[in-house]
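Written below as structure tokens is the structure these notes are about.
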There are 2 protein chains.
Amino acid sequence: MSLKRYLPILDWGARYDRDTATSDAVAAVIVTIMLIPQSLAYAMLAGLPPEVGLYASIAPLILYAVFGTSRALAVGPVAVVSLMTAAAVGQVAAQGTPEYWGAAIALALMSGLMLTAMGLLRLGFMANFLSHPVISGFITASGIIIAASQLKHILGVKAGGHNLAEVLASLAQTIGDANPITAVIGVSVAAFLFWARKRLKPLLIAKGLRPRLADVIAKAGPVMAVAASTLAVWGLGLHERGVAIVGAIPSGLPPLALPSLDPALWSSLAVSALLISVVGFEISSAEAQTLAAKRRQRIVPDQELIGLGAANIGAAFTGGFPVTGGFARSVVNFDAGAETPAAGAFTAVGILLAALLLTPLLYFLPVATLAATIIVAVLSLVDLGALRRTWAYSRPDFAAQLATIALTLGFGVEAGILAGVGLSIFLHLYTSSRPHVAVLGLVPGSEHFRNIRRHDVVTAPHVLMMRIDESLYFANARFLEDHVADAVAADPALRHVVLMCSAVNEIDASALESLEAIDQRLKAAGLRLHLSEVKGPVMDRLKRTDFLDHLSGDVFLTQYDAFHALAPAIADAARRAERRDTARPPAQAAQ
Amino acid sequence: MSLKRYLPILDWGARYDRDTATSDAVAAVIVTIMLIPQSLAYAMLAGLPPEVGLYASIAPLILYAVFGTSRALAVGPVAVVSLMTAAAVGQVAAQGTPEYWGAAIALALMSGLMLTAMGLLRLGFMANFLSHPVISGFITASGIIIAASQLKHILGVKAGGHNLAEVLASLAQTIGDANPITAVIGVSVAAFLFWARKRLKPLLIAKGLRPRLADVIAKAGPVMAVAASTLAVWGLGLHERGVAIVGAIPSGLPPLALPSLDPALWSSLAVSALLISVVGFEISSAEAQTLAAKRRQRIVPDQELIGLGAANIGAAFTGGFPVTGGFARSVVNFDAGAETPAAGAFTAVGILLAALLLTPLLYFLPVATLAATIIVAVLSLVDLGALRRTWAYSRPDFAAQLATIALTLGFGVEAGILAGVGLSIFLHLYTSSRPHVAVLGLVPGSEHFRNIRRHDVVTAPHVLMMRIDESLYFANARFLEDHVADAVAADPALRHVVLMCSAVNEIDASALESLEAIDQRLKAAGLRLHLSEVKGPVMDRLKRTDFLDHLSGDVFLTQYDAFHALAPAIADAARRAERRDTARPPAQAAQ
């Protein structure tokens, strides 16, 4: 049982049969065709030789098939993680050197170990600290940076830059050197891919193809572009007219090698590895969860961490770079009928065959074609409309999202993601540090209490009744003290304060001390503090302390009990009064 | 009106009369007597010449009287802030050098500017990020470190060390060099002060003194000890037998000087200044709040920041070091009858007179006496019992408190406070990332829903009803997705999921996306998602999005409405059934 938990393959592998194998194999063929150009392109994006992309698409897929829990997730290089790899490794080594490749390998190992450790220690919740607006803003900004960084390959110029402004400035300076043939190839391929993505599938269906076949052909757009542009360069000898080509890719098995264990390298890559791990897990598990739910399957987040960890460790020992579950690929895998993680293992065999046999065919592949593939893929990730939607729903989330986008574009991926996480946490603490507090009165003719500002309610001059709409913890404990102190200082007639705790899910030690301080201060000023409608679990914990023994007032089961005990004449009269407010049903009474 | 807000003196000053002045002056005399030895001792603790303690007790008090909102807070050097000053300044300069004093002055200026800025920008809530267990643990650990660091003066040895282990090891090495006469003075003074603190007041009352006078005399214990030990050294010539004395203290006005604005110094002290500001504000405002509440006065936290900020800026321009409101002193000030901040200004005059006239009398004051004063004062801050109380109430708070104490003792004040704050926030996010979720059933014969694990309730096989006891935000959004996915995957008979939101005070953008994802996944699997008892403000925000338009199910006003709509036959039968569970009143029904 425990072994099955850590090796999900024992579970689905035991029931594996010929039908399932056929489905998985069909899906694997389609994903392989899609993955070949992607893996070359994302290796280029990460600043690595193209064959490294193939290496990162073999062992990781097999290891994920053994350890992962998603039936349809297609693991391998993905755009955002490749960009983060380039940013991290670029800080410790120069592109094109063996040290650069070595650092990328070490990064994959570190990320793999971190993911595995997080899975074994059940720390998957750490990925939750990336809020959705932050991750969405980060992916949008990454997409923009990636697209901008590939424009140089489309134009055939040598531009550089570490952030968006530098990249664009460098492009503007070098655009005069653009190679027209390269630009024609790049722009045509990009246009074709955009067209294929939007129009090819409906066109093929209109021509009478079955929708599923039409979909597969449309998804194979990048492969067609690779084939056509490679043939064009070879046939017309365009590489002799300045068109950059991929050139000789060493064919053969991935290299088995021990990654660098240099402590200096590891410590300088540690934060990057953690960010890559968390972002990679976040991207991957959202996709895995969505696909699993479609078939009422489940993924186990902590085991997913182990699966992705194993994949990255596998990448590191076979010359690859950090990988995770890819969005578009996984959908294709699922739609093509993949039923078990074996589809991923079959894909690995396909890529292995490509690495052994196909690399000579890629010699004349124009770099501009790969760049166009990347641009079309990442622009679908860019979602600037999210800013408008977030603004409409939540200002703090909008601030975190905008900061993430701005800092990612301006200062790079790590600054952006760290600022986004920090700001999310800060703003969460800030908003919950100023909770909504309603002063309550009794609705005549009922036992319901409502905000005196919004409703026509009955109050007693010597009783202040307040409802706090938030758990009480360190960030708002002081607020509560100040709030009660202000209310009491403003009204000398008060003798009782009742805190209605129906929305208080927790009272931490800070808040408990604040309640004690409030109680003592009220007592010193001749008032009594009462609580009402305290939730069961909160009450259980309060009973473990001596707070209730010292409390100047009482704990009432209902707010009406409290009001009736402290102001019986007013409560009775109000209850007997005709109910004037009947619009809202009981469920909304406490709001 | 606005000017009065920023200059509270305009408010109380307008009504100032002779009676109030008399009360304030009496309190000022008593506080002055108490503050003279304290200010000398805390300057020594901060590693500064004794007269700096006097300088820090003049201008800051006058400025706080102008800008502060507490009527009784006695501002000046305090033990914990002096320790933090020594730790911060010790990193950039050597004790006894002009650079050391200059850095302490710059620290006061930075802290003053930060406090003022926090007040003007209304960032007082940042002090809330120090949870009570963390601040209590920090003060306890600081008290232990301070007491240990003063033992060398009691013994008359030259010991050093930056954390508790080093201090104790250094003491153990040097104890052989102890000066017996110094040790006799130090131990006798400490014993006398402990006795005076505990026994002198009851003794004087038993002898027939009025309690208030007895209290004042008992609080003057340190002054008596200073006088007696100074006379003993002078009369017996003990300074010639190895007893360290304070020596010549320059008499005169505090020096008016421009603090250093060196950017390198400022950047290396920035974090320390922020921590000193936040800790100082935290200590001070808890005290100010307690004293204000006793007379139903109010303090304005943001204006308190400006008051303390002005005090520290004043300290910086008059050769002082960081100050804040002192605990024991403020209580004495309050008990002695201080009615307005003018009492602080009168105290400043008293200290100014001491700086002009009394310093020659302090020449023979033994350093051991000051050390004993410090030890007795700080040991009252040490509260190791808090660990036990926190453990009993809250494990996360206990972890944060223990970490704060351990790291403060082991690695110093800044590491301790930062670890405590970081751990508090992390554990808050962690606990709220795994909220309590109850699966609900209908209590027969009622419209109440309770946890199926704890109660005998009625459910429908095709309807899953869950109540989430936490606001939904980024840290638990993913948890909710996983939780629903698991529940649905485990039960193929389900057709409806109802989330009861009575305890959900907020749904942030991440949680909204998670709800959308849950809804889409349920829809894809042939289920519908419903909500019930959504709070008014939460519903208002949901209505600003298109979530409710796309929601596969409905939003019900009450949980019973939902159950009745989705399983009418079962709901009707259960409602008509005899109620078996009558123990709990309606207010507790939802728990």
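Here, A, B, ... name the chains of the structure tokens in the order displayed, residue numbers run from 1 inside each chain, and ligands are numbered from 1 in the same displayed order.
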
Residue list for chain A near chain B as a PyMOL selection string, 6 Å, only C-alpha atoms: chain A and resi 128-129+131-132+293-294+296-297+474-475+489+503+510+521+524-525+557-558+587

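The two atoms in question, atom CA of A:Lys198 and atom CA of A:Asp335, are spaced 17.5 Å apart.
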
Who sits within 10 Å of stretch 260-275 of chain A, only C-alpha atoms, same chain under 6 positions skipped, as a VMD selection string: chain A and resid 81 84 to 85 87 to 89 91 to 93 99 102 to 115 127 281 316 322 413 to 414 417 to 418

In stretch 363-554 of chain A, DSSP helix (DSSP H, G or I) residues written as a ChimeraX atom specification: /A:367-379,385-393,395-411,413-433,474-489,509-524,536-543,547-550

All residues 6 Å or closer to B:Thr404, only C-alpha atoms, same chain fewer than 4 positions away omitted, as a VMD selection string: chain B and resid 137 to 138 408 416 420

Can those selected residues be exported to a file as an mmCIF file, in the first residue's frame so that it contains N, CA and C atoms?
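Output file part_19.cif follows:
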```cif
data_model
loop_
_atom_site.group_PDB
_atom_site.id
_atom_site.type_symbol
_atom_site.label_atom_id
_atom_site.label_comp_id
_atom_site.auth_asym_id
_atom_site.auth_seq_id
_atom_site.Cartn_x
_atom_site.Cartn_y
_atom_site.Cartn_z
ATOM 1 N N GLY B 137 8.539 36.459 23.439
ATOM 2 C CA GLY B 137 9.743 35.624 23.398
ATOM 3 C C GLY B 137 10.991 36.468 23.199
ATOM 4 N N PHE B 138 10.867 37.469 22.349
ATOM 5 C CA PHE B 138 12.011 38.327 22.076
ATOM 6 C C PHE B 138 12.419 39.101 23.323
ATOM 7 N N THR B 408 17.304 34.273 19.154
ATOM 8 C CA THR B 408 17.800 35.486 19.803
ATOM 9 C C THR B 408 18.963 35.136 20.736
ATOM 10 N N GLY B 416 16.863 36.770 15.744
ATOM 11 C CA GLY B 416 15.721 36.275 16.515
ATOM 12 C C GLY B 416 14.418 36.907 16.079
ATOM 13 N N GLY B 420 11.328 35.148 14.030
ATOM 14 C CA GLY B 420 10.010 35.106 14.659
ATOM 15 C C GLY B 420 8.926 35.656 13.747
#
```
